[in-house]
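The structure file structure_11.cif is reproduced below (mmCIF, C-alpha atoms).
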data_query
#
loop_
_atom_site.group_PDB
_atom_site.id
_atom_site.type_symbol
_atom_site.label_atom_id
_atom_site.label_comp_id
_atom_site.auth_asym_id
_atom_site.auth_seq_id
_atom_site.Cartn_x
_atom_site.Cartn_y
_atom_site.Cartn_z
ATOM 1 C CA MET A 1 -0.307 31.856 -15.342
ATOM 2 C CA LYS A 2 -0.822 30.700 -11.744
ATOM 3 C CA LEU A 3 0.065 27.250 -10.380
ATOM 4 C CA LYS A 4 -1.862 26.407 -7.208
ATOM 5 C CA VAL A 5 -1.129 23.384 -5.001
ATOM 6 C CA CYS A 6 -3.737 21.998 -2.596
ATOM 7 C CA GLN A 7 -3.141 19.148 -0.164
ATOM 8 C CA THR A 8 -5.298 17.384 2.404
ATOM 9 C CA ASP A 9 -4.853 14.952 5.277
ATOM 10 C CA ASN A 10 -8.453 13.748 4.909
ATOM 11 C CA THR A 11 -8.476 10.111 3.741
ATOM 12 C CA ASN A 12 -12.258 9.718 3.295
ATOM 13 C CA PRO A 13 -12.854 9.079 -0.446
ATOM 14 C CA TYR A 14 -16.316 10.666 -0.497
ATOM 15 C CA ASP A 15 -14.958 13.897 0.985
ATOM 16 C CA ASN A 16 -11.976 13.875 -1.381
ATOM 17 C CA LEU A 17 -14.007 13.235 -4.538
ATOM 18 C CA ALA A 18 -16.392 16.018 -3.516
ATOM 19 C CA MET A 19 -13.393 18.320 -2.967
ATOM 20 C CA GLU A 20 -11.998 17.354 -6.364
ATOM 21 C CA GLU A 21 -15.265 18.311 -8.072
ATOM 22 C CA THR A 22 -15.385 21.590 -6.116
ATOM 23 C CA LEU A 23 -11.850 22.492 -7.193
ATOM 24 C CA THR A 24 -12.631 21.562 -10.799
ATOM 25 C CA PHE A 25 -15.720 23.742 -11.173
ATOM 26 C CA GLY A 26 -14.046 26.510 -9.189
ATOM 27 C CA ALA A 27 -11.147 26.748 -11.651
ATOM 28 C CA GLN A 28 -10.352 30.210 -13.029
ATOM 29 C CA ASP A 29 -8.862 31.280 -16.355
ATOM 30 C CA GLY A 30 -5.075 31.360 -16.295
ATOM 31 C CA GLU A 31 -4.595 28.925 -13.423
ATOM 32 C CA VAL A 32 -3.876 25.231 -12.906
ATOM 33 C CA THR A 33 -4.580 23.545 -9.578
ATOM 34 C CA LEU A 34 -2.640 20.475 -8.475
ATOM 35 C CA PHE A 35 -4.523 18.582 -5.750
ATOM 36 C CA LEU A 36 -2.610 15.896 -3.818
ATOM 37 C CA TRP A 37 -4.658 13.487 -1.698
ATOM 38 C CA GLN A 38 -4.970 9.946 -0.352
ATOM 39 C CA ASN A 39 -7.808 7.523 0.332
ATOM 40 C CA ALA A 40 -7.789 4.844 3.013
ATOM 41 C CA HIS A 41 -8.777 1.267 2.098
ATOM 42 C CA THR A 42 -10.885 2.185 -0.937
ATOM 43 C CA VAL A 43 -12.010 0.764 -4.269
ATOM 44 C CA VAL A 44 -12.878 3.501 -6.755
ATOM 45 C CA ILE A 45 -14.801 2.553 -9.902
ATOM 46 C CA GLY A 46 -15.186 4.508 -13.121
ATOM 47 C CA ARG A 47 -18.294 6.533 -13.932
ATOM 48 C CA ASN A 48 -19.908 3.820 -16.078
ATOM 49 C CA GLN A 49 -18.737 0.628 -14.396
ATOM 50 C CA ASN A 50 -20.857 -2.142 -12.909
ATOM 51 C CA PRO A 51 -19.643 -2.472 -9.288
ATOM 52 C CA TRP A 52 -20.799 -6.090 -8.920
ATOM 53 C CA ARG A 53 -18.753 -7.123 -11.933
ATOM 54 C CA GLU A 54 -15.672 -4.990 -11.295
ATOM 55 C CA CYS A 55 -15.102 -5.624 -7.615
ATOM 56 C CA ASN A 56 -15.999 -7.869 -4.707
ATOM 57 C CA VAL A 57 -18.739 -5.713 -3.172
ATOM 58 C CA GLU A 58 -19.448 -8.124 -0.316
ATOM 59 C CA ARG A 59 -15.776 -8.432 0.664
ATOM 60 C CA ILE A 60 -15.467 -4.639 0.629
ATOM 61 C CA LYS A 61 -18.407 -4.399 3.050
ATOM 62 C CA GLN A 62 -17.076 -7.174 5.297
ATOM 63 C CA ASP A 63 -13.677 -5.489 5.601
ATOM 64 C CA ASN A 64 -15.205 -2.052 6.291
ATOM 65 C CA ALA A 65 -13.520 -0.672 3.202
ATOM 66 C CA TYR A 66 -14.960 2.111 1.059
ATOM 67 C CA LEU A 67 -16.564 1.675 -2.356
ATOM 68 C CA ALA A 68 -16.590 4.944 -4.293
ATOM 69 C CA ARG A 69 -17.459 6.075 -7.817
ATOM 70 C CA ARG A 70 -15.731 8.934 -9.604
ATOM 71 C CA MET A 71 -16.983 11.210 -12.403
ATOM 72 C CA SER A 72 -14.313 10.121 -14.882
ATOM 73 C CA GLY A 73 -14.316 6.974 -16.993
ATOM 74 C CA GLY A 74 -11.797 4.152 -16.958
ATOM 75 C CA GLY A 75 -11.437 1.107 -14.755
ATOM 76 C CA ALA A 76 -11.563 0.192 -11.071
ATOM 77 C CA VAL A 77 -8.573 0.971 -8.850
ATOM 78 C CA TYR A 78 -7.594 0.209 -5.270
ATOM 79 C CA HIS A 79 -6.310 2.922 -2.916
ATOM 80 C CA ASP A 80 -4.649 2.588 0.452
ATOM 81 C CA LEU A 81 -2.281 4.901 2.278
ATOM 82 C CA GLY A 82 0.627 3.578 0.221
ATOM 83 C CA ASN A 83 -0.907 5.290 -2.803
ATOM 84 C CA LEU A 84 -0.809 8.998 -3.711
ATOM 85 C CA ASN A 85 -3.616 10.496 -5.783
ATOM 86 C CA PHE A 86 -3.122 13.579 -7.924
ATOM 87 C CA THR A 87 -5.604 15.822 -9.720
ATOM 88 C CA PHE A 88 -4.887 18.576 -12.226
ATOM 89 C CA ALA A 89 -7.914 20.889 -12.460
ATOM 90 C CA ALA A 90 -8.044 23.601 -15.118
ATOM 91 C CA LYS A 91 -10.305 25.323 -17.589
ATOM 92 C CA ASP A 92 -9.824 24.737 -21.310
ATOM 93 C CA ASP A 93 -7.182 27.466 -21.722
ATOM 94 C CA LEU A 94 -4.574 25.598 -19.661
ATOM 95 C CA TYR A 95 -5.812 22.020 -19.647
ATOM 96 C CA ASP A 96 -3.135 19.918 -21.386
ATOM 97 C CA ILE A 97 -3.021 16.175 -20.692
ATOM 98 C CA GLY A 98 0.425 15.771 -22.231
ATOM 99 C CA ARG A 99 1.895 18.546 -20.128
ATOM 100 C CA GLN A 100 0.234 17.258 -16.982
ATOM 101 C CA THR A 101 1.538 13.744 -17.628
ATOM 102 C CA ASP A 102 5.022 15.195 -18.053
ATOM 103 C CA VAL A 103 4.811 16.489 -14.486
ATOM 104 C CA ILE A 104 4.457 12.937 -13.130
ATOM 105 C CA LEU A 105 7.196 11.585 -15.388
ATOM 106 C CA LEU A 106 9.549 14.381 -14.320
ATOM 107 C CA ALA A 107 8.689 13.818 -10.649
ATOM 108 C CA CYS A 108 9.749 10.203 -11.084
ATOM 109 C CA ARG A 109 13.000 11.254 -12.754
ATOM 110 C CA LEU A 110 13.707 13.660 -9.879
ATOM 111 C CA LEU A 111 13.551 10.608 -7.608
ATOM 112 C CA GLY A 112 15.810 8.613 -9.932
ATOM 113 C CA ILE A 113 13.108 6.498 -11.587
ATOM 114 C CA LYS A 114 12.855 6.184 -15.367
ATOM 115 C CA ALA A 115 9.108 5.964 -15.978
ATOM 116 C CA GLU A 116 7.331 5.763 -19.320
ATOM 117 C CA LYS A 117 3.845 6.376 -20.679
ATOM 118 C CA THR A 118 2.302 3.247 -22.196
ATOM 119 C CA GLY A 119 -1.112 2.394 -23.540
ATOM 120 C CA ARG A 120 -4.043 4.772 -23.345
ATOM 121 C CA ASN A 121 -3.629 5.997 -19.760
ATOM 122 C CA ASP A 122 -0.892 4.136 -17.866
ATOM 123 C CA LEU A 123 2.572 4.991 -16.607
ATOM 124 C CA THR A 124 4.999 2.112 -16.182
ATOM 125 C CA VAL A 125 8.467 1.242 -14.995
ATOM 126 C CA ASP A 126 10.093 -1.944 -16.288
ATOM 127 C CA GLU A 127 6.818 -2.568 -18.178
ATOM 128 C CA LYS A 128 4.810 -2.716 -14.925
ATOM 129 C CA LYS A 129 2.071 -0.211 -14.178
ATOM 130 C CA PHE A 130 2.374 2.088 -11.168
ATOM 131 C CA SER A 131 0.047 4.889 -12.267
ATOM 132 C CA GLY A 132 -3.335 4.880 -14.013
ATOM 133 C CA HIS A 133 -5.045 8.048 -15.255
ATOM 134 C CA ALA A 134 -8.592 9.138 -16.077
ATOM 135 C CA TYR A 135 -10.186 12.356 -17.325
ATOM 136 C CA PHE A 136 -13.322 14.473 -16.974
ATOM 137 C CA SER A 137 -14.556 17.479 -18.969
ATOM 138 C CA SER A 138 -17.765 19.507 -18.772
ATOM 139 C CA ASP A 139 -18.601 22.980 -20.100
ATOM 140 C CA GLY A 140 -14.976 24.074 -20.303
ATOM 141 C CA TYR A 141 -14.005 22.676 -16.882
ATOM 142 C CA ASN A 142 -11.645 19.695 -16.743
ATOM 143 C CA TYR A 143 -9.690 17.391 -14.526
ATOM 144 C CA HIS A 144 -6.973 14.817 -15.084
ATOM 145 C CA HIS A 145 -6.432 12.543 -12.106
ATOM 146 C CA GLY A 146 -4.775 9.295 -11.235
ATOM 147 C CA THR A 147 -2.856 7.088 -8.853
ATOM 148 C CA ILE A 148 0.825 6.802 -7.993
ATOM 149 C CA MET A 149 1.511 3.481 -6.265
ATOM 150 C CA MET A 150 4.316 4.037 -3.798
ATOM 151 C CA ASN A 151 3.827 1.244 -1.252
ATOM 152 C CA VAL A 152 0.363 -0.258 -1.774
ATOM 153 C CA VAL A 153 -0.311 -3.621 -0.087
ATOM 154 C CA PRO A 154 -0.208 -5.918 -3.165
ATOM 155 C CA GLU A 155 -2.290 -8.695 -1.582
ATOM 156 C CA ASP A 156 -5.324 -6.384 -1.421
ATOM 157 C CA LEU A 157 -5.585 -5.797 -5.171
ATOM 158 C CA PRO A 158 -6.864 -9.275 -6.163
ATOM 159 C CA LYS A 159 -8.874 -9.422 -2.918
ATOM 160 C CA TYR A 160 -11.100 -6.517 -3.965
ATOM 161 C CA LEU A 161 -10.717 -6.105 -7.742
ATOM 162 C CA ARG A 162 -12.153 -8.403 -10.408
ATOM 163 C CA VAL A 163 -10.414 -8.002 -13.740
ATOM 164 C CA SER A 164 -11.894 -9.909 -16.680
ATOM 165 C CA GLU A 165 -9.841 -12.552 -18.446
ATOM 166 C CA ALA A 166 -10.359 -10.668 -21.723
ATOM 167 C CA LYS A 167 -8.783 -7.540 -20.251
ATOM 168 C CA LEU A 168 -5.849 -9.433 -18.779
ATOM 169 C CA LYS A 169 -5.337 -11.244 -22.080
ATOM 170 C CA SER A 170 -5.312 -7.929 -23.947
ATOM 171 C CA LYS A 171 -2.569 -6.737 -21.562
ATOM 172 C CA GLY A 172 -0.601 -9.965 -21.972
ATOM 173 C CA VAL A 173 -0.494 -10.681 -18.222
ATOM 174 C CA ALA A 174 -1.771 -13.458 -15.967
ATOM 175 C CA SER A 175 -3.271 -11.442 -13.115
ATOM 176 C CA VAL A 176 -3.958 -7.936 -11.836
ATOM 177 C CA ARG A 177 -1.151 -8.347 -9.300
ATOM 178 C CA SER A 178 1.410 -9.353 -11.929
ATOM 179 C CA ARG A 179 0.894 -6.228 -14.027
ATOM 180 C CA VAL A 180 1.478 -3.601 -11.310
ATOM 181 C CA THR A 181 4.399 -2.465 -9.177
ATOM 182 C CA ASN A 182 5.166 -0.119 -6.300
ATOM 183 C CA LEU A 183 7.760 2.616 -6.721
ATOM 184 C CA CYS A 184 9.241 1.693 -3.335
ATOM 185 C CA GLU A 185 10.881 -1.204 -5.177
ATOM 186 C CA TYR A 186 13.022 1.382 -6.991
ATOM 187 C CA LEU A 187 13.613 3.633 -3.975
ATOM 188 C CA PRO A 188 15.241 1.337 -1.372
ATOM 189 C CA GLU A 189 17.083 4.283 0.172
ATOM 190 C CA ILE A 190 13.856 6.062 1.213
ATOM 191 C CA PRO A 191 12.177 4.830 4.449
ATOM 192 C CA ALA A 192 8.568 3.679 3.987
ATOM 193 C CA GLU A 193 7.123 6.559 6.026
ATOM 194 C CA GLU A 194 8.917 9.100 3.828
ATOM 195 C CA LEU A 195 7.839 7.720 0.423
ATOM 196 C CA ILE A 196 4.601 9.722 0.070
ATOM 197 C CA PRO A 197 6.151 13.013 1.308
ATOM 198 C CA ALA A 198 9.059 12.496 -1.105
ATOM 199 C CA MET A 199 6.708 12.031 -4.066
ATOM 200 C CA LYS A 200 4.566 15.020 -3.045
ATOM 201 C CA ASP A 201 7.683 17.194 -2.943
ATOM 202 C CA ALA A 202 8.860 15.849 -6.303
ATOM 203 C CA MET A 203 5.425 16.502 -7.851
ATOM 204 C CA VAL A 204 5.468 20.138 -6.744
ATOM 205 C CA ARG A 205 9.042 20.677 -7.958
ATOM 206 C CA ALA A 206 8.249 18.996 -11.290
ATOM 207 C CA ALA A 207 5.103 21.108 -11.759
ATOM 208 C CA GLU A 208 7.068 24.285 -11.121
ATOM 209 C CA LYS A 209 9.626 23.278 -13.747
ATOM 210 C CA ILE A 210 7.046 22.186 -16.353
ATOM 211 C CA TYR A 211 4.898 25.312 -15.915
ATOM 212 C CA GLY A 212 7.813 27.699 -15.404
ATOM 213 C CA CYS A 213 6.483 29.366 -12.257
ATOM 214 C CA SER A 214 6.475 28.984 -8.496
ATOM 215 C CA ALA A 215 3.684 26.994 -6.903
ATOM 216 C CA GLU A 216 1.300 28.840 -4.587
ATOM 217 C CA PRO A 217 -0.107 26.799 -1.668
ATOM 218 C CA CYS A 218 -3.874 27.223 -1.511
ATOM 219 C CA GLU A 219 -6.483 26.693 1.155
ATOM 220 C CA LEU A 220 -9.113 24.097 0.434
ATOM 221 C CA PRO A 221 -12.522 25.586 -0.374
ATOM 222 C CA ALA A 222 -15.731 24.689 1.410
ATOM 223 C CA VAL A 223 -17.591 21.710 -0.064
ATOM 224 C CA SER A 224 -21.375 21.697 -0.310
ATOM 225 C CA ARG A 225 -23.456 19.203 1.647
ATOM 226 C CA GLU A 226 -25.096 18.241 -1.655
ATOM 227 C CA LEU A 227 -21.793 17.040 -3.120
ATOM 228 C CA LEU A 228 -20.822 15.158 0.030
ATOM 229 C CA GLU A 229 -24.174 13.386 0.023
ATOM 230 C CA LYS A 230 -23.861 12.605 -3.679
ATOM 231 C CA TYR A 231 -20.554 10.753 -3.407
ATOM 232 C CA SER A 232 -21.527 8.814 -0.276
ATOM 233 C CA SER A 233 -24.991 7.807 -1.527
ATOM 234 C CA GLU A 234 -25.742 4.237 -2.606
ATOM 235 C CA GLU A 235 -27.544 5.586 -5.660
ATOM 236 C CA TRP A 236 -24.307 7.154 -6.945
ATOM 237 C CA ARG A 237 -21.930 4.427 -5.819
ATOM 238 C CA LEU A 238 -23.955 1.341 -6.770
ATOM 239 C CA GLY A 239 -26.328 2.731 -9.401
ATOM 240 C CA THR A 240 -29.743 1.299 -10.146
ATOM 241 C CA LYS A 241 -30.119 -2.284 -11.312
ATOM 242 C CA ILE A 242 -32.667 -3.301 -13.935
ATOM 243 C CA PRO A 243 -34.192 -6.774 -14.387
ATOM 244 C CA PHE A 244 -32.699 -7.730 -17.733
ATOM 245 C CA GLU A 245 -33.493 -10.548 -20.151
ATOM 246 C CA LYS A 246 -30.633 -9.926 -22.593
ATOM 247 C CA GLU A 247 -26.964 -9.253 -21.897
ATOM 248 C CA ILE A 248 -24.345 -8.450 -24.529
ATOM 249 C CA GLU A 249 -20.628 -8.260 -23.755
ATOM 250 C CA HIS A 250 -17.701 -7.313 -25.950
ATOM 251 C CA ARG A 251 -14.179 -5.973 -25.641
ATOM 252 C CA PHE A 252 -13.262 -3.245 -28.121
ATOM 253 C CA GLU A 253 -9.791 -1.754 -28.498
ATOM 254 C CA TRP A 254 -10.943 1.206 -26.390
ATOM 255 C CA GLY A 255 -12.439 -0.876 -23.578
ATOM 256 C CA GLU A 256 -15.023 -3.390 -22.416
ATOM 257 C CA VAL A 257 -18.774 -2.968 -22.836
ATOM 258 C CA GLU A 258 -21.636 -4.734 -21.082
ATOM 259 C CA VAL A 259 -25.157 -3.992 -22.377
ATOM 260 C CA GLN A 260 -28.195 -5.096 -20.364
ATOM 261 C CA LEU A 261 -31.647 -4.956 -21.972
ATOM 262 C CA SER A 262 -35.012 -5.303 -20.258
ATOM 263 C CA MET A 263 -37.624 -6.338 -22.796
ATOM 264 C CA LYS A 264 -41.366 -5.837 -23.177
ATOM 265 C CA GLY A 265 -42.501 -7.887 -26.132
ATOM 266 C CA GLU A 266 -40.473 -6.793 -29.160
ATOM 267 C CA TYR A 267 -39.388 -3.524 -27.553
ATOM 268 C CA ILE A 268 -36.553 -2.495 -25.253
ATOM 269 C CA ARG A 269 -38.194 -1.330 -22.026
ATOM 270 C CA ALA A 270 -34.964 -0.294 -20.266
ATOM 271 C CA CYS A 271 -31.249 -0.310 -20.995
ATOM 272 C CA ARG A 272 -28.061 -0.154 -18.919
ATOM 273 C CA ILE A 273 -24.621 0.136 -20.464
ATOM 274 C CA TYR A 274 -21.486 -0.418 -18.389
ATOM 275 C CA SER A 275 -17.941 0.217 -19.575
ATOM 276 C CA ASP A 276 -14.380 0.919 -18.466
ATOM 277 C CA ALA A 277 -13.905 3.247 -21.456
ATOM 278 C CA LEU A 278 -12.384 6.634 -20.741
ATOM 279 C CA GLU A 279 -15.407 8.290 -22.355
ATOM 280 C CA THR A 280 -18.341 8.974 -20.066
ATOM 281 C CA GLU A 281 -21.422 10.663 -21.550
ATOM 282 C CA VAL A 282 -21.853 8.505 -24.676
ATOM 283 C CA PHE A 283 -23.295 5.629 -22.630
ATOM 284 C CA ARG A 284 -26.085 7.721 -21.088
ATOM 285 C CA VAL A 285 -26.979 8.971 -24.575
ATOM 286 C CA LEU A 286 -27.211 5.423 -25.929
ATOM 287 C CA GLU A 287 -29.315 4.206 -23.003
ATOM 288 C CA GLU A 288 -31.873 6.904 -23.792
ATOM 289 C CA LEU A 289 -31.793 6.134 -27.529
ATOM 290 C CA LEU A 290 -32.281 2.390 -27.080
ATOM 291 C CA THR A 291 -35.035 2.659 -24.459
ATOM 292 C CA GLY A 292 -38.358 2.281 -26.267
ATOM 293 C CA CYS A 293 -36.730 1.136 -29.519
ATOM 294 C CA LYS A 294 -37.904 -2.048 -31.223
ATOM 295 C CA TYR A 295 -35.416 -4.899 -30.798
ATOM 296 C CA ASP A 296 -34.791 -5.035 -34.527
ATOM 297 C CA SER A 297 -31.424 -4.584 -36.223
ATOM 298 C CA GLY A 298 -32.815 -2.198 -38.823
ATOM 299 C CA ASP A 299 -34.573 -0.034 -36.258
ATOM 300 C CA ILE A 300 -31.517 0.052 -34.006
ATOM 301 C CA MET A 301 -29.127 1.013 -36.813
ATOM 302 C CA SER A 302 -31.518 3.754 -37.962
ATOM 303 C CA LEU A 303 -31.400 5.519 -34.593
ATOM 304 C CA LYS A 304 -30.055 9.039 -34.982
ATOM 305 C CA ILE A 305 -26.957 9.635 -32.916
ATOM 306 C CA PRO A 306 -26.797 13.275 -31.733
ATOM 307 C CA HIS A 307 -24.197 15.502 -33.365
ATOM 308 C CA GLY A 308 -20.905 15.545 -31.510
ATOM 309 C CA VAL A 309 -21.235 12.069 -29.990
ATOM 310 C CA SER A 310 -18.181 9.951 -30.776
ATOM 311 C CA ALA A 311 -17.897 6.994 -33.148
ATOM 312 C CA THR A 312 -18.005 4.784 -30.051
ATOM 313 C CA ALA A 313 -21.795 5.166 -30.136
ATOM 314 C CA PHE A 314 -22.068 3.634 -33.613
ATOM 315 C CA GLU A 315 -19.877 0.684 -32.612
ATOM 316 C CA ILE A 316 -22.100 -0.085 -29.624
ATOM 317 C CA LEU A 317 -25.315 0.228 -31.641
ATOM 318 C CA LYS A 318 -23.865 -2.177 -34.200
ATOM 319 C CA LEU A 319 -22.914 -4.568 -31.382
ATOM 320 C CA VAL A 320 -26.512 -4.600 -30.152
ATOM 321 C CA ALA A 321 -27.930 -4.928 -33.671
ATOM 322 C CA ASP A 322 -25.573 -7.808 -34.502
ATOM 323 C CA SER A 323 -26.699 -9.659 -31.350
ATOM 324 C CA ILE A 324 -30.202 -10.114 -32.780
ATOM 325 C CA GLU A 325 -30.672 -13.607 -34.140
#
Can you give me the file's structure in the form of structure tokens?
Amino acid sequence: MKLKVCQTDNTNPYDNLAMEETLTFGAQDGEVTLFLWQNAHTVVIGRNQNPWRECNVERIKQDNAYLARRMSGGGAVYHDLGNLNFTFAAKDDLYDIGRQTDVILLACRLLGIKAEKTGRNDLTVDEKKFSGHAYFSSDGYNYHHGTIMMNVVPEDLPKYLRVSEAKLKSKGVASVRSRVTNLCEYLPEIPAEELIPAMKDAMVRAAEKIYGCSAEPCELPAVSRELLEKYSSEEWRLGTKIPFEKEIEHRFEWGEVEVQLSMKGEYIRACRIYSDALETEVFRVLEELLTGCKYDSGDIMSLKIPHGVSATAFEILKLVADSIE
């Protein structure tokens, strides 16, 4: 197998997310690409999240920060230059989330930090989160990406992120700031300006050990104008709002769901479903199924879910059906 390592000094999130997608769909059989990158002053939301609910959109604009949306699911995160982003891109033959996670855990151990995997997609030290992960798969192409908080300005997290009380309660913490930590707290011997380079070096060394081969530095490929325009567009970042008469909210074990329904008489004229779930495509499928359906519990529960769509779809349909008085 071949282990490729790509790095960039570009800190524009739209450029970096476009590069990530390019690397993902350019993956070849028998190779894994590790992409190391940073974003400056950025909030990144998950594929199906509602930006107005998840973050302070107006404050982001006022402070000339970036608001970006990624292709993967999961929740909103804040990036500054004290954070290191990683992406593992691979086709199905070598895509292994457990193995990829082991690279980050080993990198931490190489720096003297005992990190652990907790929950569905978090890495922690002393029960505080320093790394959140998300995943994307399409037609045999995959990526696993996430954050590594080295020296992020903690005051900026609650300034830009809005985390629901239900989510905080499920985590057993009082605030978004109280449940995260920076790895600099555990690396007092490393000067602040050397923290990111030290973690980059540890990530490469850990990947070489986990995959049993030497890493090959790779040049970054060209990115299409179409992709750059996609990630910077308001349509992608903010989505399209609908005028809704009914709103249904619920927190499942796998994440939060917000369903908005625009009605025309007894029928659902339009539907938007937002979620921080790690799944992505199920919500688009359900929006199409519910649009045009009669707002009747029997009719909703009789909708045929396409083969291969997860059980999440049934849970959401039942949520909508149960909301009918």
query = Nearest to Arg53 (chain A) among A:Gly119, A:Gly75, A:Glu127, A:Leu110, with distances taken over only C-alpha atoms: which residue is it?
reply =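 When distances to Arg53 (chain A) are compared using only C-alpha atoms, the smallest one comes from A:Gly75.
Residues with any atom within 6 Å of His133 (chain A), counting all atoms listed in the file and excluding same-chain neighbours fewer than 3 positions away, are Asn121, His145 and Gly146 of chain A.
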query = Which residue, A:Tyr211, A:Tyr160, A:Tyr274, A:Tyr186, has the smallest gap to Arg99 (chain A) when you use all atoms listed in the file?
reply =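 Closest candidate: A:Tyr211.
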ask   = If the PyMOL selection byres ((chain A and resi 2-6) around 12) is run on the structure shown, which residues does it catch, given as a ChimeraX atom specification?
value = /A:1,7-9,16,19-20,23,27-37,85-90,94,100,200-201,203-221
message = I need the residue nearest Gly82 (chain A) from this list: A:Ile268, A:Ala115, A:Leu183, A:Leu161. Use only C-alpha atoms for the distance.
response =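 Ranked by minimum distance to Gly82 (chain A), first place goes to A:Leu183.
Using only C-alpha atoms, the nearest neighbour of Asp276 (chain A) within the list A:Thr181, A:Asn50, A:Thr22, A:Asn12 is A:Asn50.
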ask   = Residues picked by the PyMOL selection byres ((chain A and resi 118) around 12) here, as a list in words?
value =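 Given this file, the PyMOL selection byres ((chain A and resi 118) around 12) evaluates to Thr101, Leu105, Ala115, Glu116, Lys117, Gly119, Arg120, Asn121, Asp122, Leu123, Thr124, Val125, Asp126, Glu127, Lys128, Lys129, Phe130, Ser131, Gly132, His133 and Lys171 of chain A.
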request  = Give as a ChimeraX atom specification the residues that the PyMOL selection byres ((chain A and resi 42-47) around 10) matches when applied to the coordinates above.
outcome  = /A:11-13,38-41,48-51,54-57,60,64-81,134,136,157,160-161,236-239,274-281
inquiry  = Would you compute the distance between CA of Leu195 (chain A) and CA of Asp96 (chain A)? Give it in Å to one decimal.
reply    =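 Value for the CA of Leu195 (chain A)-CA of Asp96 (chain A) distance: 27.3 Å.
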inquiry  = Residues within 10 Å of Asp322 (chain A), please, as a count of residues only. Count all atoms listed in the file; anything in the same chain fewer than 2 positions from it doesn't count.
reply    = 11
request  = For CA of Lys241 (chain A) and CA of Leu286 (chain A), quote the distance in Å rounded to one decimal.
outcome  = 16.8 Å
request  = Figure out the distance between CA of Leu289 (chain A) and CA of Ser302 (chain A), please, to one decimal in Å.
outcome  =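 Atom-to-atom, CA of Ser302 (chain A) and CA of Leu289 (chain A) are spaced 10.7 Å apart.
Using only C-alpha atoms, the nearest neighbour of Ala311 (chain A) within the list A:Ile113, A:Leu290, A:Met263, A:Trp254 is A:Trp254.
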